[in-house]
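Enquirer: Can you read through this structure? Questions will come right after.
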Amino acid sequence: MQFRQCVGVRMADGRGVGQLDRVVMDPRTKEVNYIVVRKGTFFTTDRVVPLTLVARADENEVVLREDAGDLEGLPQFEERHYVAADSGTATADTVPSLYAYPPLLGGEITGMTGTLPTQAARGGLGNVSPVVEQTQRAIPDDNVALRAGTRVVAADGETVGSVAEVLTSANADQVSHFVISQGLLFKDRKLIPVGWTQEIGEDQVTLAVDSAFVSRLESYEGAR
């Protein structure tokens with residue numbers, strides 16, 4: 001399979017359901033386990049789709065299986081929750097102007113006057129505690145959600161490009177190669193076997209070969 005960010009994702013009957021946003025892989029086994037499909041334009045929702053529901057993926061599109069069902073029933077890639085902070089009680093110094101963000105939990109504060117809640121303006125916040133935002137992902141903790149543009153760094157510390165595509169082997173779901181892109185206007189692409197990687201992270205892919213070696217590679221002329 002060939003995964004390129006922003007290609008269209010459609011159901012088996014041809015209905016478009018979004019765009020490919022990320023490829024989720026296990027960096028130890030190099031196996032692709034999920035893809036993340038972005039739905040919508042302005043108010044977007046990212047859904048995690050198991051790779052078992054993908055019929056095929058190439059440079060032009062990703063097609064889901066007939067039994068993929070409704071993507072609305074699949075988990076969101078990231079969900080944000082507010083939980084009470086562990087540290088102390090809110091004070092006038094910690095209350096933002098006009099609107100409290102993060103929001104406050106508990107206590108008696110119900111209204112806003114001026115730049116502080118009414119109780120704060122009178123000198124006390126009672127038992128109101130600030131909350132913090134936590135983000136939970138619907139993928140295993142040891143998986144990496146790669147997207148196009150992830151920086152690729154050679155063994156000597158030089159940046160040699162960014163991830164443009166993720167390729168898997170023909171008869172398996174394991175990543176076989178990364179296509180990396182170099183340059184801004186006139187991009188040169190290189191094909192990097194996954195065996196040349198030293199570490200695969202969400203923000204950076206580190207190679208086991210140096211930048212001079214990468215520069216000597218022939219340009220990859222696969223489908224763009």
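So you can find residues: chains in the structure tokens are A, B, ... in the order shown, residues in each start at 1, and ligands are numbered from 1 in order.
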Mind checking which residues fall within 7 Å of A:Leu146, counting only C-alpha atoms, ignoring those fewer than 4 positions away in the same chain, and posting them as JSON, numbers by chain?
Expert: {"A": [22, 23, 24, 150, 202]}
Enquirer: Could you write out that same residue set with N, CA and C atoms as a short mmCIF file (atom, residue, chain, number, x, y, z; two decimals), in the first residue's frame?
Expert:
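Output file selection.cif is given in full below:
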data_model
loop_
_atom_site.label_atom_id
_atom_site.label_comp_id
_atom_site.auth_asym_id
_atom_site.auth_seq_id
_atom_site.Cartn_x
_atom_site.Cartn_y
_atom_site.Cartn_z
N ARG A 22 -3.11 10.87 8.80
CA ARG A 22 -1.95 10.24 9.44
C ARG A 22 -1.94 8.75 9.19
N VAL A 23 -0.75 8.18 9.33
CA VAL A 23 -0.55 6.73 9.29
C VAL A 23 -0.02 6.32 10.65
N VAL A 24 -0.71 5.41 11.31
CA VAL A 24 -0.34 5.01 12.67
C VAL A 24 0.39 3.67 12.60
N THR A 150 6.80 15.23 8.67
CA THR A 150 7.64 14.86 9.80
C THR A 150 9.11 14.94 9.39
N GLU A 202 7.06 10.63 16.31
CA GLU A 202 6.01 11.42 15.68
C GLU A 202 6.54 12.74 15.13
#
Enquirer: Excluding stretch 12-18 of chain A and residues on its chain fewer than 5 positions from it, collect all residues at most 8 Å away from it, counting only C-alpha atoms, and give them as an MDAnalysis selection string.
Expert: chainID A and resid 37:40 63:66 71
Enquirer: Of the residues A:Gln198, A:Gln134, A:Asn33, A:Gln76, which is the one nearest to A:Thr45, using only C-alpha atoms?
Expert: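 For A:Thr45, the nearest of the given residues is A:Gln76.
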Enquirer: I'd like the neighbourhood of A:Val49 as a VMD selection string, where a residue qualifies if any of its atoms comes within 7 Å (using only C-alpha atoms), though same-chain residues fewer than 2 positions away should be ignored.
Expert: chain A and resid 34 to 36 47 51 53 74
Enquirer: Using only N, CA, C and O atoms, please write the residues we just selected to a file, as a compact mmCIF listing (two decimals), in the first residue's frame.
Expert:
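File result.txt, as written:
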# COMPACT_ATOMS: atom_id res chain seq x y z
N TYR A 34 -3.31 1.48 11.93
CA TYR A 34 -4.48 2.33 11.71
C TYR A 34 -4.13 3.43 10.71
O TYR A 34 -2.95 3.70 10.44
N ILE A 35 -5.17 4.07 10.19
CA ILE A 35 -5.00 5.34 9.53
C ILE A 35 -5.94 6.32 10.22
O ILE A 35 -6.91 5.92 10.87
N VAL A 36 -5.63 7.60 10.11
CA VAL A 36 -6.49 8.64 10.66
C VAL A 36 -7.11 9.39 9.49
O VAL A 36 -6.39 9.90 8.62
N ARG A 47 -11.05 10.59 12.57
CA ARG A 47 -11.48 9.27 13.01
C ARG A 47 -10.37 8.25 12.80
O ARG A 47 -9.67 8.27 11.79
N LEU A 51 -6.56 -0.65 10.09
CA LEU A 51 -6.09 -0.99 8.75
C LEU A 51 -6.84 -2.17 8.17
O LEU A 51 -6.92 -2.33 6.95
N LEU A 53 -9.83 -2.42 7.88
CA LEU A 53 -10.97 -1.91 7.13
C LEU A 53 -10.56 -1.23 5.83
O LEU A 53 -11.41 -0.71 5.11
N LEU A 74 -16.67 5.18 14.69
CA LEU A 74 -15.28 4.93 15.05
C LEU A 74 -14.77 6.00 16.00
O LEU A 74 -15.28 7.13 16.00
Enquirer: Report as a ChimeraX atom specification all protein, DNA and RNA residues lying within 7 Å of A:Gln2, evaluated on only C-alpha atoms, omitting residues in the same chain fewer than 3 positions from it.
Expert: /A:57-59,166-168
Enquirer: Would you mind exporting all heavy atoms of the selected residues as an mmCIF file, in the first residue's frame?
Expert:
data_model
loop_
_atom_site.group_PDB
_atom_site.id
_atom_site.type_symbol
_atom_site.label_atom_id
_atom_site.label_comp_id
_atom_site.auth_asym_id
_atom_site.auth_seq_id
_atom_site.Cartn_x
_atom_site.Cartn_y
_atom_site.Cartn_z
ATOM 1 N N ALA A 57 -4.850 1.152 -0.909
ATOM 2 C CA ALA A 57 -4.362 2.529 -0.815
ATOM 3 C C ALA A 57 -3.270 2.710 -1.849
ATOM 4 O O ALA A 57 -2.349 1.893 -1.950
ATOM 5 C CB ALA A 57 -3.825 2.813 0.586
ATOM 6 N N ASP A 58 -3.385 3.775 -2.652
ATOM 7 C CA ASP A 58 -2.350 4.076 -3.632
ATOM 8 C C ASP A 58 -2.085 5.571 -3.625
ATOM 9 O O ASP A 58 -2.546 6.284 -2.723
ATOM 10 C CB ASP A 58 -2.737 3.567 -5.025
ATOM 11 C CG ASP A 58 -4.072 4.106 -5.514
ATOM 12 O OD1 ASP A 58 -4.412 5.258 -5.161
ATOM 13 O OD2 ASP A 58 -4.785 3.389 -6.236
ATOM 14 N N GLU A 59 -1.364 6.059 -4.637
ATOM 15 C CA GLU A 59 -0.997 7.469 -4.654
ATOM 16 C C GLU A 59 -2.172 8.399 -4.886
ATOM 17 O O GLU A 59 -2.059 9.616 -4.714
ATOM 18 C CB GLU A 59 0.070 7.727 -5.725
ATOM 19 C CG GLU A 59 -0.401 7.593 -7.164
ATOM 20 C CD GLU A 59 -0.349 6.161 -7.686
ATOM 21 O OE1 GLU A 59 -0.146 5.238 -6.874
ATOM 22 O OE2 GLU A 59 -0.485 5.991 -8.901
ATOM 23 N N VAL A 166 4.383 6.986 2.981
ATOM 24 C CA VAL A 166 4.714 5.751 3.688
ATOM 25 C C VAL A 166 4.294 4.593 2.799
ATOM 26 O O VAL A 166 3.139 4.512 2.380
ATOM 27 C CB VAL A 166 3.991 5.674 5.050
ATOM 28 C CG1 VAL A 166 4.303 4.352 5.746
ATOM 29 C CG2 VAL A 166 4.377 6.862 5.937
ATOM 30 N N LEU A 167 5.237 3.702 2.503
ATOM 31 C CA LEU A 167 4.959 2.552 1.649
ATOM 32 C C LEU A 167 5.022 1.277 2.476
ATOM 33 O O LEU A 167 5.892 1.114 3.322
ATOM 34 C CB LEU A 167 5.978 2.467 0.504
ATOM 35 C CG LEU A 167 6.226 3.728 -0.323
ATOM 36 C CD1 LEU A 167 7.227 3.432 -1.442
ATOM 37 C CD2 LEU A 167 4.932 4.268 -0.899
ATOM 38 N N THR A 168 4.082 0.362 2.215
ATOM 39 C CA THR A 168 4.119 -0.938 2.873
ATOM 40 C C THR A 168 4.428 -2.013 1.846
ATOM 41 O O THR A 168 4.240 -1.821 0.646
ATOM 42 C CB THR A 168 2.780 -1.254 3.568
ATOM 43 O OG1 THR A 168 1.742 -1.358 2.576
ATOM 44 C CG2 THR A 168 2.405 -0.168 4.560
#
Enquirer: Quick one: residues within 7 Å of A:Pro27, only C-alpha atoms, excluding same-chain residues fewer than 6 positions away - as a PyMOL selection string?
Expert: chain A and resi 143-144+200
Enquirer: Filtering to C-alpha atoms, could you give me those residues as a tab-separated table (two decimals), in the first residue's frame?
Expert:
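Dumped everything to out11.tsv:
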chain	number	residue	atom	x	y	z
A	143	ASN	CA	2.24	3.59	18.36
A	144	VAL	CA	3.37	6.60	16.33
A	200	ILE	CA	10.82	6.57	14.36
Enquirer: In Å, how far is it from atom CA of A:Gly222 to atom CA of A:Asp188?
Expert: 11.4 Å
